Structure formats: structure tokens, C-alpha cells
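Shown below: model_21.cif, with mmCIF, C-alpha atoms.
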data_structure
#
loop_
_atom_site.label_atom_id
_atom_site.label_comp_id
_atom_site.auth_asym_id
_atom_site.auth_seq_id
_atom_site.Cartn_x
_atom_site.Cartn_y
_atom_site.Cartn_z
CA MET C 1 -20.42 -1.14 -4.60
CA LYS C 2 -20.67 -4.24 -2.40
CA ALA C 3 -23.99 -4.81 -0.61
CA THR C 4 -23.75 -5.82 3.06
CA GLY C 5 -27.40 -6.58 3.79
CA VAL C 6 -27.17 -4.48 6.96
CA VAL C 7 -29.82 -1.83 7.63
CA ARG C 8 -29.37 0.82 10.33
CA ARG C 9 -31.66 3.63 11.44
CA VAL C 10 -30.60 7.24 11.89
CA ASP C 11 -30.98 8.28 15.56
CA ASP C 12 -32.42 11.60 16.78
CA LEU C 13 -28.94 13.21 16.61
CA GLY C 14 -28.43 12.14 12.98
CA ARG C 15 -25.98 9.33 13.81
CA ILE C 16 -25.69 5.94 12.19
CA VAL C 17 -23.71 3.14 13.83
CA ILE C 18 -21.30 1.35 11.52
CA PRO C 19 -21.59 -2.37 12.40
CA LYS C 20 -18.64 -3.91 14.25
CA GLU C 21 -18.00 -6.45 11.47
CA ILE C 22 -17.65 -3.67 8.89
CA ARG C 23 -15.43 -1.60 11.21
CA ARG C 24 -13.20 -4.63 11.76
CA THR C 25 -13.04 -5.54 8.06
CA MET C 26 -12.36 -1.95 7.00
CA ARG C 27 -9.97 -1.37 9.94
CA ILE C 28 -11.94 1.64 11.18
CA ARG C 29 -10.83 2.63 14.69
CA GLU C 30 -12.66 4.70 17.27
CA GLY C 31 -12.07 8.40 16.66
CA GLU C 32 -10.82 7.84 13.10
CA PRO C 33 -11.78 10.60 10.65
CA MET C 34 -14.14 9.68 7.83
CA GLU C 35 -14.83 11.44 4.51
CA ILE C 36 -18.43 11.69 3.35
CA PHE C 37 -19.33 11.91 -0.33
CA ILE C 38 -22.69 12.31 -2.03
CA GLU C 39 -23.02 10.72 -5.45
CA THR C 40 -25.23 12.14 -8.21
CA ASP C 41 -27.63 9.21 -7.75
CA GLY C 42 -28.16 10.21 -4.09
CA SER C 43 -25.87 7.57 -2.60
CA VAL C 44 -23.86 8.55 0.47
CA ILE C 45 -20.36 7.11 0.64
CA PHE C 46 -18.18 6.99 3.76
CA ARG C 47 -14.44 6.52 3.32
CA LYS C 48 -11.61 6.54 5.81
CA TYR C 49 -9.80 9.85 5.59
CA SER C 50 -6.06 9.66 5.01
CA PRO C 51 -4.15 12.94 4.84
CA MET C 52 -1.17 10.89 3.62
CA GLY C 53 -3.31 9.39 0.85
CA ASN C 54 -4.02 12.92 -0.39
CA MET C 55 -0.27 13.36 -0.83
CA GLN C 56 0.25 10.19 -2.89
CA GLN C 57 2.16 11.86 -5.73
CA ALA C 58 4.50 13.78 -3.40
CA ALA C 59 4.95 10.69 -1.21
CA GLY C 60 5.83 8.65 -4.31
CA GLN C 61 8.43 11.15 -5.42
CA LEU C 62 9.85 11.34 -1.91
CA ALA C 63 10.07 7.52 -1.60
CA GLU C 64 11.76 7.29 -5.00
CA ALA C 65 14.28 10.01 -4.08
CA LEU C 66 14.96 8.40 -0.71
CA TRP C 67 15.60 5.03 -2.37
CA ARG C 68 17.88 6.49 -5.02
CA GLU C 69 19.91 8.54 -2.54
CA SER C 70 20.16 5.94 0.24
CA GLU C 71 19.99 2.70 -1.80
CA CYS C 72 17.66 1.40 0.95
CA ALA C 73 14.21 0.17 -0.03
CA CYS C 74 11.59 2.32 1.66
CA ALA C 75 7.88 2.91 2.02
CA VAL C 76 5.65 5.81 2.98
CA CYS C 77 2.53 4.64 4.80
CA ASP C 78 -0.62 6.06 6.28
CA ARG C 79 -1.97 4.29 9.38
CA ASP C 80 -3.31 1.32 7.38
CA THR C 81 -1.65 0.98 3.99
CA VAL C 82 1.47 1.60 1.96
CA VAL C 83 0.91 4.87 0.08
CA ALA C 84 4.19 4.86 -1.88
CA SER C 85 7.42 2.89 -2.03
CA GLY C 86 10.89 3.06 -3.50
CA GLY C 87 13.04 0.07 -4.45
CA VAL C 88 10.20 -2.37 -3.77
CA ARG C 89 6.57 -2.78 -4.85
CA GLY C 90 4.26 -2.20 -1.94
CA GLU C 91 1.72 0.48 -2.89
CA GLY C 92 -1.81 -0.27 -1.74
CA ARG C 93 -0.85 -3.16 0.55
CA ASN C 94 -2.38 -3.33 4.01
CA LEU C 95 0.01 -3.02 6.93
CA THR C 96 0.47 -5.97 9.27
CA SER C 97 -0.90 -5.63 12.79
CA ALA C 98 2.71 -5.68 14.08
CA ALA C 99 3.54 -2.68 11.87
CA GLU C 100 0.43 -0.83 13.04
CA ARG C 101 1.27 -1.49 16.70
CA ALA C 102 4.84 -0.28 16.16
CA MET C 103 3.63 2.88 14.47
CA GLU C 104 1.18 3.57 17.33
CA GLN C 105 4.21 3.98 19.63
CA ARG C 106 4.76 7.31 17.86
CA LYS C 107 8.54 7.06 18.14
CA SER C 108 11.44 6.32 15.81
CA LEU C 109 12.36 2.64 15.79
CA GLY C 110 15.68 1.18 14.69
CA THR C 111 16.64 -2.33 13.62
CA ALA C 112 16.73 -3.60 17.22
CA GLU C 113 13.06 -2.64 17.82
CA CYS C 114 11.79 -3.82 14.45
CA GLY C 115 11.91 -7.44 13.24
CA PHE C 116 8.47 -7.44 11.61
CA THR C 117 7.23 -7.03 8.06
CA LEU C 118 5.37 -3.96 6.85
CA TRP C 119 2.89 -6.06 4.82
CA GLU C 120 2.24 -9.81 4.59
CA GLN C 121 5.08 -11.58 2.76
CA GLY C 122 6.92 -8.26 2.53
CA PRO C 123 10.47 -7.34 3.47
CA GLN C 124 11.47 -6.83 7.11
CA VAL C 125 11.33 -3.31 8.50
CA GLN C 126 14.79 -1.97 9.37
CA ALA C 127 13.66 1.41 10.70
CA MET C 128 10.34 3.20 11.17
CA LEU C 129 9.97 6.95 11.60
CA PRO C 130 6.55 8.36 12.48
CA VAL C 131 4.89 11.18 10.55
CA ILE C 132 3.18 13.36 13.14
CA ALA C 133 1.25 16.34 11.81
CA GLY C 134 -0.57 18.72 14.13
CA GLY C 135 -0.01 16.31 17.03
CA ASP C 136 -1.77 13.45 15.19
CA LEU C 137 -0.09 10.28 13.93
CA SER C 138 -0.59 10.32 10.16
CA GLY C 139 1.70 7.48 9.10
CA CYS C 140 5.36 6.61 8.84
CA VAL C 141 8.42 6.39 6.65
CA ALA C 142 9.90 2.89 6.81
CA LEU C 143 13.30 1.70 5.65
CA LEU C 144 13.09 -1.91 4.51
CA GLU C 145 15.34 -4.91 4.23
CA GLY C 146 17.23 -4.90 0.95
CA LYS C 147 20.69 -5.01 -0.48
CA LYS C 148 21.84 -2.36 1.99
CA SER C 149 21.11 -1.92 5.70
CA PRO C 150 20.40 1.62 6.86
CA GLY C 151 23.14 3.51 8.68
CA GLU C 152 23.09 6.92 10.35
CA GLU C 153 22.98 8.79 7.04
CA GLU C 154 20.00 6.76 5.77
CA LEU C 155 18.17 7.26 9.07
CA ARG C 156 18.81 11.00 8.86
CA LEU C 157 17.35 11.07 5.33
CA ALA C 158 14.28 9.08 6.42
CA ARG C 159 13.80 11.38 9.45
CA MET C 160 13.96 14.37 7.10
CA ALA C 161 11.38 12.73 4.80
CA ALA C 162 9.01 12.10 7.73
CA GLY C 163 9.42 15.71 8.88
CA PHE C 164 8.84 17.03 5.37
CA LEU C 165 5.60 15.03 5.01
CA ALA C 166 4.38 16.22 8.41
CA ARG C 167 4.99 19.88 7.50
CA GLN C 168 3.24 19.46 4.13
CA MET C 169 0.14 18.09 5.87
CA GLU C 170 0.11 20.95 8.38
CA ASP C 171 0.05 23.62 5.62
#

Please go through the file and, once you have read it, give me the structure as C-alpha cells.
Amino acid sequence: MKATGVVRRVDDLGRIVIPKEIRRTMRIREGEPMEIFIETDGSVIFRKYSPMGNMQQAAGQLAEALWRESECACAVCDRDTVVASGGVRGEGRNLTSAAERAMEQRKSLGTAECGFTLWEQGPQVQAMLPVIAGGDLSGCVALLEGKKSPGEEELRLARMAAGFLARQMED
């Protein structure tokens, strides 16, 4: 565990303010859900909650199947990172701010609206389909630049993948 040297007091409502520098570094946004763990040594650990991260194995299998069927490189992302990918290595990479802004639009984007990379030095995004579960933006399915550009069939498959992930998170 990395020490920050920051000490905060608990207020009368039991709240602790996470310093702005830590929120910025960890990409913690206002209203973002956090998981709280208690270690056996008494340590309390806060971690950003990612419903998509809890589905890493299923997301990996879905990305692999999407890549094999469409021959388009793809990635399944939560709001900050690449959770799984097919046809390209991207797991665990942080999303670029352009990718995060595009995802926040909460709408399907095609090649004309893209033109940014999903992660630094990564391939260009060709299409981005949001994963919206229970009304909340949970992540996206992105089709990436590769040996084949996505057509209508590939977009339909990616839309189906995004819908499948959303339904799995709602159950």
C-alpha cells in the first residue's frame, strides 16, 4: 500500500473527505460508487466500484467472440479502464480523456463521431456503444481500428454485446 502522508478527520456524520489530488490521480468523480473493505489487520480500503470489472471473465469471453465473429478488434470498458479486449492487447489500460468524454454522451458513436484512441498509443476507435444498466452508464463496447473496418453487421454485433452486458449487470 502506498502512503500519501495525508491525514483527515472523521466528521460528526462519519464522513472523510478524499483529498482533491487523490481524487484526480485515481479518477474518482463526484457521485461515483466506492467499495469499502476491511482487512484482517484493521485497515480500511476504499476502491472504485466497477460493475463491469466484476464481469471480467464474461466480458473477456464476449470480446473474444466479438473479435472472432466480426474480425474487428474490440474492447469492453468500464468508465475508466479497458476490462477486456479481443484482437488487441488493452486490458487494464486507462481510457483517454477523449474516450471518457465520448462515453459520457451515452449514445452510440460511429466512425464519423470517433477519431480518438481508447488508450494512449492505442488504436483509433471506430465505433463506441454505451453499456447502460439500470439507467446508469457502466461502460462501453468499442470497435477499434484494425485490418477490417466495422460495417452494419459488426455494429449490430457490438450493440448486442453492449445490451447483453447491461442485462447481466441488472440481474

Task: Neighbours of point (3.6, 19.1, 8.6) within 10 Å, using all atoms listed in the file, written as a PyMOL selection string - done: chain C and resi 131-135+138+162-171

Hey, which bits of range 54-145 of chain C sit within 12 Å of range 21-33 of chain C, and for each residue what's the closest pair of atoms and how far apart in Å (one decimal), counting all atoms listed in the file, rows by chain and increasing number, as JSON lines?
{"residue": "C:Arg79", "atom": "CA", "partner": "C:Arg27", "partner_atom": "CA", "distance": 9.8}
{"residue": "C:Asp80", "atom": "CA", "partner": "C:Arg27", "partner_atom": "CA", "distance": 7.6}
{"residue": "C:Thr81", "atom": "CA", "partner": "C:Arg27", "partner_atom": "CA", "distance": 10.5}
{"residue": "C:Asn94", "atom": "CA", "partner": "C:Arg27", "partner_atom": "CA", "distance": 9.8}
{"residue": "C:Leu95", "atom": "CA", "partner": "C:Arg27", "partner_atom": "CA", "distance": 10.6}
{"residue": "C:Thr96", "atom": "CA", "partner": "C:Arg27", "partner_atom": "CA", "distance": 11.4}
{"residue": "C:Ser97", "atom": "CA", "partner": "C:Arg27", "partner_atom": "CA", "distance": 10.4}
{"residue": "C:Glu100", "atom": "CA", "partner": "C:Arg27", "partner_atom": "CA", "distance": 10.9}
{"residue": "C:Asp136", "atom": "CA", "partner": "C:Glu32", "partner_atom": "CA", "distance": 10.9}
{"residue": "C:Leu137", "atom": "CA", "partner": "C:Glu32", "partner_atom": "CA", "distance": 11.0}
{"residue": "C:Ser138", "atom": "CA", "partner": "C:Glu32", "partner_atom": "CA", "distance": 10.9}

- [ ] Would you kindly return, as a list of chain:residue names, each protein, DNA or RNA residue with an atom no farther than 7 Å from any atom of Asp78 in chain C, considering all atoms listed in the file and excluding same-chain residues fewer than 6 positions away?
- [x] C:Ser50, C:Met52, C:Gly53, C:Ser138, C:Gly139, C:Cys140

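The list of residues with at least one atom within 7 Å of Gln126 in chain C, based on only C-alpha atoms and without residues fewer than 6 positions apart in the same chain, reads Gly110, Thr111, Cys114, Leu143, Leu144 and Glu145 of chain C.
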
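Using all atoms listed in the file, the nearest neighbour of Glu64 in chain C within the list C:Met103, C:Val88, C:Leu118, C:Ala98 is C:Val88.
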
How about completing range 111-122 of chain C with all heavy atoms and giving it to me as an mmCIF file, keeping the file's coordinate frame?
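Result written to rebuild-v8.cif:
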data_model
loop_
_atom_site.group_PDB
_atom_site.id
_atom_site.type_symbol
_atom_site.label_atom_id
_atom_site.label_comp_id
_atom_site.auth_asym_id
_atom_site.auth_seq_id
_atom_site.Cartn_x
_atom_site.Cartn_y
_atom_site.Cartn_z
ATOM 1 N N THR C 111 16.615 -0.901 13.931
ATOM 2 C CA THR C 111 16.640 -2.330 13.620
ATOM 3 C C THR C 111 16.364 -3.186 14.851
ATOM 4 O O THR C 111 15.642 -4.174 14.772
ATOM 5 C CB THR C 111 18.003 -2.712 13.005
ATOM 6 O OG1 THR C 111 18.234 -1.857 11.887
ATOM 7 C CG2 THR C 111 18.006 -4.143 12.533
ATOM 8 N N ALA C 112 16.899 -2.806 16.002
ATOM 9 C CA ALA C 112 16.730 -3.600 17.220
ATOM 10 C C ALA C 112 15.265 -3.699 17.646
ATOM 11 O O ALA C 112 14.841 -4.727 18.179
ATOM 12 C CB ALA C 112 17.555 -3.001 18.359
ATOM 13 N N GLU C 113 14.472 -2.632 17.411
ATOM 14 C CA GLU C 113 13.060 -2.640 17.820
ATOM 15 C C GLU C 113 12.137 -3.181 16.739
ATOM 16 O O GLU C 113 10.954 -3.371 16.980
ATOM 17 C CB GLU C 113 12.586 -1.224 18.175
ATOM 18 C CG GLU C 113 13.285 -0.591 19.327
ATOM 19 C CD GLU C 113 14.379 0.367 18.913
ATOM 20 O OE1 GLU C 113 14.745 0.430 17.730
ATOM 21 O OE2 GLU C 113 14.880 1.060 19.804
ATOM 22 N N CYS C 114 12.649 -3.396 15.554
ATOM 23 C CA CYS C 114 11.790 -3.820 14.450
ATOM 24 C C CYS C 114 11.685 -5.348 14.405
ATOM 25 O O CYS C 114 11.285 -5.932 15.384
ATOM 26 C CB CYS C 114 12.288 -3.213 13.137
ATOM 27 S SG CYS C 114 12.058 -1.412 13.099
ATOM 28 N N GLY C 115 12.033 -5.989 13.325
ATOM 29 C CA GLY C 115 11.910 -7.440 13.240
ATOM 30 C C GLY C 115 10.525 -7.910 12.811
ATOM 31 O O GLY C 115 10.106 -9.022 13.125
ATOM 32 N N PHE C 116 9.785 -7.088 12.122
ATOM 33 C CA PHE C 116 8.470 -7.440 11.610
ATOM 34 C C PHE C 116 8.401 -6.981 10.157
ATOM 35 O O PHE C 116 9.243 -6.216 9.697
ATOM 36 C CB PHE C 116 7.349 -6.787 12.436
ATOM 37 C CG PHE C 116 7.514 -5.306 12.612
ATOM 38 C CD1 PHE C 116 7.034 -4.413 11.664
ATOM 39 C CD2 PHE C 116 8.169 -4.799 13.726
ATOM 40 C CE1 PHE C 116 7.206 -3.049 11.822
ATOM 41 C CE2 PHE C 116 8.336 -3.419 13.896
ATOM 42 C CZ PHE C 116 7.850 -2.550 12.939
ATOM 43 N N THR C 117 7.412 -7.461 9.443
ATOM 44 C CA THR C 117 7.230 -7.030 8.060
ATOM 45 C C THR C 117 6.194 -5.912 8.018
ATOM 46 O O THR C 117 5.328 -5.829 8.885
ATOM 47 C CB THR C 117 6.781 -8.184 7.146
ATOM 48 O OG1 THR C 117 5.543 -8.695 7.625
ATOM 49 C CG2 THR C 117 7.827 -9.293 7.100
ATOM 50 N N LEU C 118 6.310 -5.072 7.008
ATOM 51 C CA LEU C 118 5.370 -3.960 6.850
ATOM 52 C C LEU C 118 4.035 -4.479 6.313
ATOM 53 O O LEU C 118 2.972 -4.051 6.731
ATOM 54 C CB LEU C 118 5.964 -2.921 5.906
ATOM 55 C CG LEU C 118 5.445 -1.508 5.988
ATOM 56 C CD1 LEU C 118 5.522 -0.955 7.400
ATOM 57 C CD2 LEU C 118 6.192 -0.610 5.035
ATOM 58 N N TRP C 119 4.089 -5.414 5.367
ATOM 59 C CA TRP C 119 2.890 -6.060 4.820
ATOM 60 C C TRP C 119 3.170 -7.562 4.761
ATOM 61 O O TRP C 119 4.312 -7.995 4.847
ATOM 62 C CB TRP C 119 2.499 -5.491 3.458
ATOM 63 C CG TRP C 119 3.507 -5.677 2.369
ATOM 64 C CD1 TRP C 119 3.666 -6.770 1.554
ATOM 65 C CD2 TRP C 119 4.528 -4.752 1.948
ATOM 66 N NE1 TRP C 119 4.695 -6.583 0.678
ATOM 67 C CE2 TRP C 119 5.239 -5.347 0.890
ATOM 68 C CE3 TRP C 119 4.887 -3.478 2.362
ATOM 69 C CZ2 TRP C 119 6.298 -4.723 0.246
ATOM 70 C CZ3 TRP C 119 5.939 -2.855 1.722
ATOM 71 C CH2 TRP C 119 6.628 -3.472 0.678
ATOM 72 N N GLU C 120 2.105 -8.349 4.637
ATOM 73 C CA GLU C 120 2.240 -9.810 4.590
ATOM 74 C C GLU C 120 3.177 -10.211 3.456
ATOM 75 O O GLU C 120 3.050 -9.698 2.340
ATOM 76 C CB GLU C 120 0.876 -10.489 4.392
ATOM 77 C CG GLU C 120 -0.072 -10.306 5.552
ATOM 78 C CD GLU C 120 0.414 -10.924 6.856
ATOM 79 O OE1 GLU C 120 1.109 -11.957 6.836
ATOM 80 O OE2 GLU C 120 0.111 -10.335 7.909
ATOM 81 N N GLN C 121 4.106 -11.082 3.738
ATOM 82 C CA GLN C 121 5.080 -11.580 2.760
ATOM 83 C C GLN C 121 6.020 -10.489 2.258
ATOM 84 O O GLN C 121 6.681 -10.653 1.245
ATOM 85 C CB GLN C 121 4.378 -12.227 1.550
ATOM 86 C CG GLN C 121 3.291 -13.221 1.880
ATOM 87 C CD GLN C 121 3.820 -14.472 2.545
ATOM 88 O OE1 GLN C 121 4.764 -15.070 2.062
ATOM 89 N NE2 GLN C 121 3.224 -14.845 3.659
ATOM 90 N N GLY C 122 6.059 -9.367 2.947
ATOM 91 C CA GLY C 122 6.920 -8.260 2.530
ATOM 92 C C GLY C 122 8.275 -8.318 3.203
ATOM 93 O O GLY C 122 8.536 -9.180 4.041
#
